[in-house]
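Notes follow once the structure below has been shown.
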Amino acid sequence: MLVAAAVCPCPPLLVPEVAAGAAPELDGARAACADALGVLAASRPDRLVVVGPAAEAPGHALFPEGSPGTFRGFGVDLDVRLGRPDPAAAGLPALPPSLAVAAWLLQRVDRADAPVEALAVDQRLAPERCLGIGREIGAGEGRVALLVMGDGSACRTLKAPGYLDERATPFDAEAARALRDADLAALRDLDVDLADELKVSGRAPWQVLAGAAE
């Protein structure tokens with residue numbers, strides 16, 4: 001049973017070592033993430049599931065507790081692990097960047113010792129499959145908390161990675177409203193093609209959340 005959920009952004013710039021001189025600009029976002037994770041811990045879950053986007057996930061991929069992550073690809077000598085260390089996880093594949101950011105965040109809060117696992121979902125995964133994955137999570141035994149990682153559009157300014165697209169601001173506003181109001185129908189209806197064109201990484205994870213919250 002799903003008892004709590006939090007939604008956080010997942011740019012590697014959340015990690016101060018990656019952001020370097022720009023790190024103070026994201027202090028507010030880091031504090032908000034910590035507050036959200038505190039709410040998850042306060043729900044006293046039996047299990048914490050982290051869901052994040054991956055550019056090349058084979059549909060979806062599961063990462064058990066102890067899975068490694070790294071920010072070396074961003075020029076930073078920093079490694080993380082998902083939850084508690086596990087010697088059996090030594091040979092596991094590395095977490096995708098979104099889940100590495102989640103692992104970094106989780107290392108800095110009290111998780112109430114709940115076991116944690118992570119799920120990477122393909123950013124282009126069909127809504128029906130995202131909803132189905134979420135329903136399976138929500139139907140799991142015990143008290144389940146969900147940490148959903150994902151970003152909105154990357155096309156809101158001329159200097160944005162996707163340049164300026166006038167559709168970006170309304171898309172982000174509607175997605176934010178749907179998440180704030182727990183509007184499951186609106187989350188289910190987020191357009192896959194438009195989200196892809198606007199470089200939205202959060203669409204698939206948000207629809208997993210919609211399925212879990214049903």
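In the structure tokens, the first chain shown is A, the next is B, and so on; residue numbers restart at 1 for each chain, and ligands run from 1 in the order shown.
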
I'd like a table as CSV: residues in range 20-68 of chain A with an atom no more than 12 Å from range 150-157 of chain A, each row giving the shortest atom pair and its distance in Å to one decimal, only C-alpha atoms counted, sorted by chain and rising residue number.
```
residue,atom,partner,partner_atom,distance
A:Val50,CA,A:Gly150,CA,10.9
A:Val51,CA,A:Gly150,CA,8.6
A:Gly52,CA,A:Gly150,CA,6.2
A:Pro53,CA,A:Gly150,CA,6.5
A:Ala54,CA,A:Gly150,CA,9.8
A:Ala55,CA,A:Gly150,CA,11.9
```

9 Å contact set for Phe71 in chain A, only C-alpha atoms, chain neighbours under 4 positions out, as a PDB file with N, CA and C atoms, in the first residue's frame:
```pdb
ATOM      1  N   PRO A  12      22.027  16.724 -11.936  1.00  0.00           N
ATOM      2  CA  PRO A  12      23.249  16.522 -11.153  1.00  0.00           C
ATOM      3  C   PRO A  12      23.746  17.789 -10.469  1.00  0.00           C
ATOM      4  N   VAL A  18      29.258  18.989  -8.033  1.00  0.00           N
ATOM      5  CA  VAL A  18      29.044  19.109  -9.473  1.00  0.00           C
ATOM      6  C   VAL A  18      28.763  20.558  -9.854  1.00  0.00           C
ATOM      7  N   GLY A  75      32.924  15.057 -14.182  1.00  0.00           N
ATOM      8  CA  GLY A  75      34.203  15.636 -13.803  1.00  0.00           C
ATOM      9  C   GLY A  75      34.417  15.768 -12.309  1.00  0.00           C
ATOM     10  N   VAL A  76      33.680  14.978 -11.507  1.00  0.00           N
ATOM     11  CA  VAL A  76      33.770  15.074 -10.053  1.00  0.00           C
ATOM     12  C   VAL A  76      34.124  13.703  -9.485  1.00  0.00           C
ATOM     13  N   ASP A  77      35.098  13.657  -8.622  1.00  0.00           N
ATOM     14  CA  ASP A  77      35.525  12.404  -7.998  1.00  0.00           C
ATOM     15  C   ASP A  77      34.612  12.102  -6.812  1.00  0.00           C
ATOM     16  N   LEU A  78      33.391  11.693  -7.116  1.00  0.00           N
ATOM     17  CA  LEU A  78      32.385  11.459  -6.077  1.00  0.00           C
ATOM     18  C   LEU A  78      31.553  10.232  -6.436  1.00  0.00           C
ATOM     19  N   ASP A  79      31.505   9.282  -5.508  1.00  0.00           N
ATOM     20  CA  ASP A  79      30.700   8.072  -5.683  1.00  0.00           C
ATOM     21  C   ASP A  79      29.638   8.009  -4.594  1.00  0.00           C
ATOM     22  N   VAL A  80      28.522   7.343  -4.897  1.00  0.00           N
ATOM     23  CA  VAL A  80      27.432   7.178  -3.933  1.00  0.00           C
ATOM     24  C   VAL A  80      26.941   5.745  -3.983  1.00  0.00           C
ATOM     25  N   PRO A  97      22.104   8.671 -13.865  1.00  0.00           N
ATOM     26  CA  PRO A  97      22.284   9.931 -13.137  1.00  0.00           C
ATOM     27  C   PRO A  97      21.119  10.326 -12.239  1.00  0.00           C
ATOM     28  N   ALA A 100      21.370   8.299  -9.172  1.00  0.00           N
ATOM     29  CA  ALA A 100      22.556   8.679  -8.399  1.00  0.00           C
ATOM     30  C   ALA A 100      22.264   9.941  -7.584  1.00  0.00           C
ATOM     31  N   VAL A 101      21.531  10.893  -8.180  1.00  0.00           N
ATOM     32  CA  VAL A 101      21.135  12.095  -7.430  1.00  0.00           C
ATOM     33  C   VAL A 101      20.240  11.705  -6.255  1.00  0.00           C
TER      34      VAL A 101
END
```

Shortest contact to Pro11 in chain A, candidates A:Met149, A:Leu106, A:Ala41, A:Ala94, atoms counted only C-alpha atoms, goes to A:Met149

Excluding Pro68 in chain A and residues on its chain fewer than 2 positions from it, collect all residues at most 9 Å away from it, counting only C-alpha atoms, and give them as a list of chain:residue names.
->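 Close residues of Pro68 in chain A: A:Glu65, A:Gly66, A:Thr70, A:Asp79, A:Val80, A:Arg81, A:Leu82, A:Pro85, A:Ala89, A:Ala90, A:Leu92, A:Pro93, A:Ala94, A:Leu95, A:Ala100, A:Ala103.
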
Tell me, in Å to one decimal, how far CA of Tyr163 in chain A is from CA of Leu194 in chain A.
->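 Straight-line distance from CA of Tyr163 in chain A to CA of Leu194 in chain A works out to 14.8 Å.
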
Show which residues sit within 12 Å of Val208 in chain A, as a ChimeraX atom specification. Count only C-alpha atoms, and ignore same-chain residues fewer than 2 positions away.
-> /A:5,7,49-53,60,119-123,125-138,146-150,184,187-188,190,202-206,210-214

Output file for the selection above: N, CA and C atoms, as a tab-separated table (two decimals), in the first residue's frame:
```tsv
chain	number	residue	atom	x	y	z
A	5	ALA	N	4.37	9.81	-0.83
A	5	ALA	CA	5.16	10.00	-2.04
A	5	ALA	C	5.74	11.41	-2.04
A	7	VAL	N	8.08	14.12	-4.74
A	7	VAL	CA	8.57	14.37	-6.09
A	7	VAL	C	9.73	15.35	-5.99
A	49	VAL	N	10.74	3.00	-2.40
A	49	VAL	CA	11.02	2.76	-3.81
A	49	VAL	C	11.32	4.10	-4.48
A	50	VAL	N	12.47	4.17	-5.14
A	50	VAL	CA	12.87	5.37	-5.87
A	50	VAL	C	12.65	5.11	-7.35
A	51	VAL	N	11.99	6.04	-8.02
A	51	VAL	CA	11.75	5.91	-9.46
A	51	VAL	C	12.37	7.12	-10.15
A	52	GLY	N	13.18	6.86	-11.18
A	52	GLY	CA	13.81	7.95	-11.91
A	52	GLY	C	13.93	7.64	-13.38
A	53	PRO	N	14.10	8.66	-14.20
A	53	PRO	CA	14.21	8.46	-15.65
A	53	PRO	C	15.61	8.02	-16.05
A	60	HIS	N	12.26	-0.76	-18.27
A	60	HIS	CA	12.54	-0.37	-16.89
A	60	HIS	C	13.55	-1.36	-16.32
A	119	LEU	N	14.13	2.09	-9.32
A	119	LEU	CA	13.62	1.66	-10.61
A	119	LEU	C	13.90	2.76	-11.63
A	120	ALA	N	14.65	2.43	-12.66
A	120	ALA	CA	14.88	3.35	-13.77
A	120	ALA	C	13.88	3.06	-14.87
A	121	VAL	N	13.19	4.09	-15.35
A	121	VAL	CA	12.20	3.91	-16.41
A	121	VAL	C	12.64	4.70	-17.64
A	122	ASP	N	12.45	4.09	-18.79
A	122	ASP	CA	12.77	4.74	-20.05
A	122	ASP	C	11.94	6.00	-20.19
A	123	GLN	N	12.59	7.11	-20.54
A	123	GLN	CA	11.87	8.37	-20.67
A	123	GLN	C	10.79	8.32	-21.74
A	125	LEU	N	8.92	5.53	-22.27
A	125	LEU	CA	8.03	4.40	-21.96
A	125	LEU	C	6.57	4.83	-22.08
A	126	ALA	N	5.76	3.98	-22.71
A	126	ALA	CA	4.35	4.32	-22.95
A	126	ALA	C	3.61	4.53	-21.63
A	127	PRO	N	2.66	5.47	-21.61
A	127	PRO	CA	1.92	5.74	-20.37
A	127	PRO	C	1.28	4.50	-19.77
A	128	GLU	N	0.74	3.61	-20.61
A	128	GLU	CA	0.08	2.42	-20.08
A	128	GLU	C	1.05	1.56	-19.29
A	129	ARG	N	2.28	1.44	-19.77
A	129	ARG	CA	3.28	0.65	-19.05
A	129	ARG	C	3.71	1.35	-17.78
A	130	CYS	N	3.86	2.68	-17.84
A	130	CYS	CA	4.21	3.43	-16.63
A	130	CYS	C	3.14	3.25	-15.56
A	131	LEU	N	1.89	3.36	-15.95
A	131	LEU	CA	0.79	3.20	-15.00
A	131	LEU	C	0.78	1.79	-14.42
A	132	GLY	N	1.04	0.80	-15.28
A	132	GLY	CA	1.06	-0.58	-14.81
A	132	GLY	C	2.16	-0.83	-13.79
A	133	ILE	N	3.34	-0.27	-14.03
A	133	ILE	CA	4.44	-0.39	-13.07
A	133	ILE	C	4.04	0.24	-11.74
A	134	GLY	N	3.42	1.41	-11.83
A	134	GLY	CA	2.99	2.09	-10.61
A	134	GLY	C	1.96	1.29	-9.83
A	135	ARG	N	1.03	0.68	-10.55
A	135	ARG	CA	0.01	-0.13	-9.87
A	135	ARG	C	0.62	-1.30	-9.13
A	136	GLU	N	1.64	-1.91	-9.73
A	136	GLU	CA	2.33	-3.02	-9.06
A	136	GLU	C	3.01	-2.54	-7.79
A	137	ILE	N	3.63	-1.35	-7.85
A	137	ILE	CA	4.26	-0.81	-6.65
A	137	ILE	C	3.21	-0.53	-5.58
A	138	GLY	N	2.11	0.10	-5.97
A	138	GLY	CA	1.08	0.45	-5.02
A	138	GLY	C	0.41	-0.76	-4.40
A	146	LEU	N	7.21	6.30	-1.88
A	146	LEU	CA	7.71	6.45	-3.25
A	146	LEU	C	8.43	7.79	-3.38
A	147	LEU	N	9.68	7.73	-3.83
A	147	LEU	CA	10.44	8.94	-4.16
A	147	LEU	C	10.56	9.00	-5.67
A	148	VAL	N	9.97	10.03	-6.26
A	148	VAL	CA	9.89	10.15	-7.72
A	148	VAL	C	10.82	11.27	-8.17
A	149	MET	N	11.80	10.91	-8.98
A	149	MET	CA	12.77	11.87	-9.50
A	149	MET	C	12.42	12.22	-10.94
A	150	GLY	N	12.51	13.49	-11.29
A	150	GLY	CA	12.23	13.87	-12.68
A	150	GLY	C	12.17	15.37	-12.84
A	184	LEU	N	-4.68	12.76	-10.83
A	184	LEU	CA	-4.17	11.57	-11.49
A	184	LEU	C	-4.56	11.53	-12.97
A	187	LEU	N	-2.15	13.68	-14.89
A	187	LEU	CA	-0.84	13.04	-14.99
A	187	LEU	C	-0.87	11.92	-16.03
A	188	ARG	N	-1.94	11.14	-16.03
A	188	ARG	CA	-2.08	10.06	-17.01
A	188	ARG	C	-2.10	10.61	-18.43
A	190	LEU	N	-0.55	13.25	-19.71
A	190	LEU	CA	0.61	14.00	-20.20
A	190	LEU	C	1.07	13.41	-21.54
A	202	GLY	N	10.73	14.00	-16.56
A	202	GLY	CA	9.88	13.51	-15.48
A	202	GLY	C	8.58	12.86	-15.89
A	203	ARG	N	8.22	12.93	-17.18
A	203	ARG	CA	6.89	12.45	-17.59
A	203	ARG	C	6.65	10.99	-17.20
A	204	ALA	N	7.56	10.09	-17.55
A	204	ALA	CA	7.36	8.67	-17.25
A	204	ALA	C	7.32	8.40	-15.74
A	205	PRO	N	8.28	8.91	-14.95
A	205	PRO	CA	8.19	8.70	-13.50
A	205	PRO	C	6.91	9.26	-12.89
A	206	TRP	N	6.45	10.43	-13.38
A	206	TRP	CA	5.22	11.00	-12.83
A	206	TRP	C	4.03	10.10	-13.14
A	210	ALA	N	1.32	8.20	-10.78
A	210	ALA	CA	-0.13	8.20	-10.96
A	210	ALA	C	-0.70	6.81	-10.83
A	211	GLY	N	-0.02	5.82	-11.39
A	211	GLY	CA	-0.50	4.44	-11.25
A	211	GLY	C	-0.44	3.95	-9.82
A	212	ALA	N	0.64	4.28	-9.11
A	212	ALA	CA	0.77	3.84	-7.72
A	212	ALA	C	-0.27	4.50	-6.82
A	213	ALA	N	-0.64	5.73	-7.15
A	213	ALA	CA	-1.55	6.50	-6.30
A	213	ALA	C	-3.02	6.15	-6.53
A	214	GLU	N	-3.31	5.32	-7.53
A	214	GLU	CA	-4.70	4.97	-7.79
A	214	GLU	C	-5.31	4.22	-6.60
```
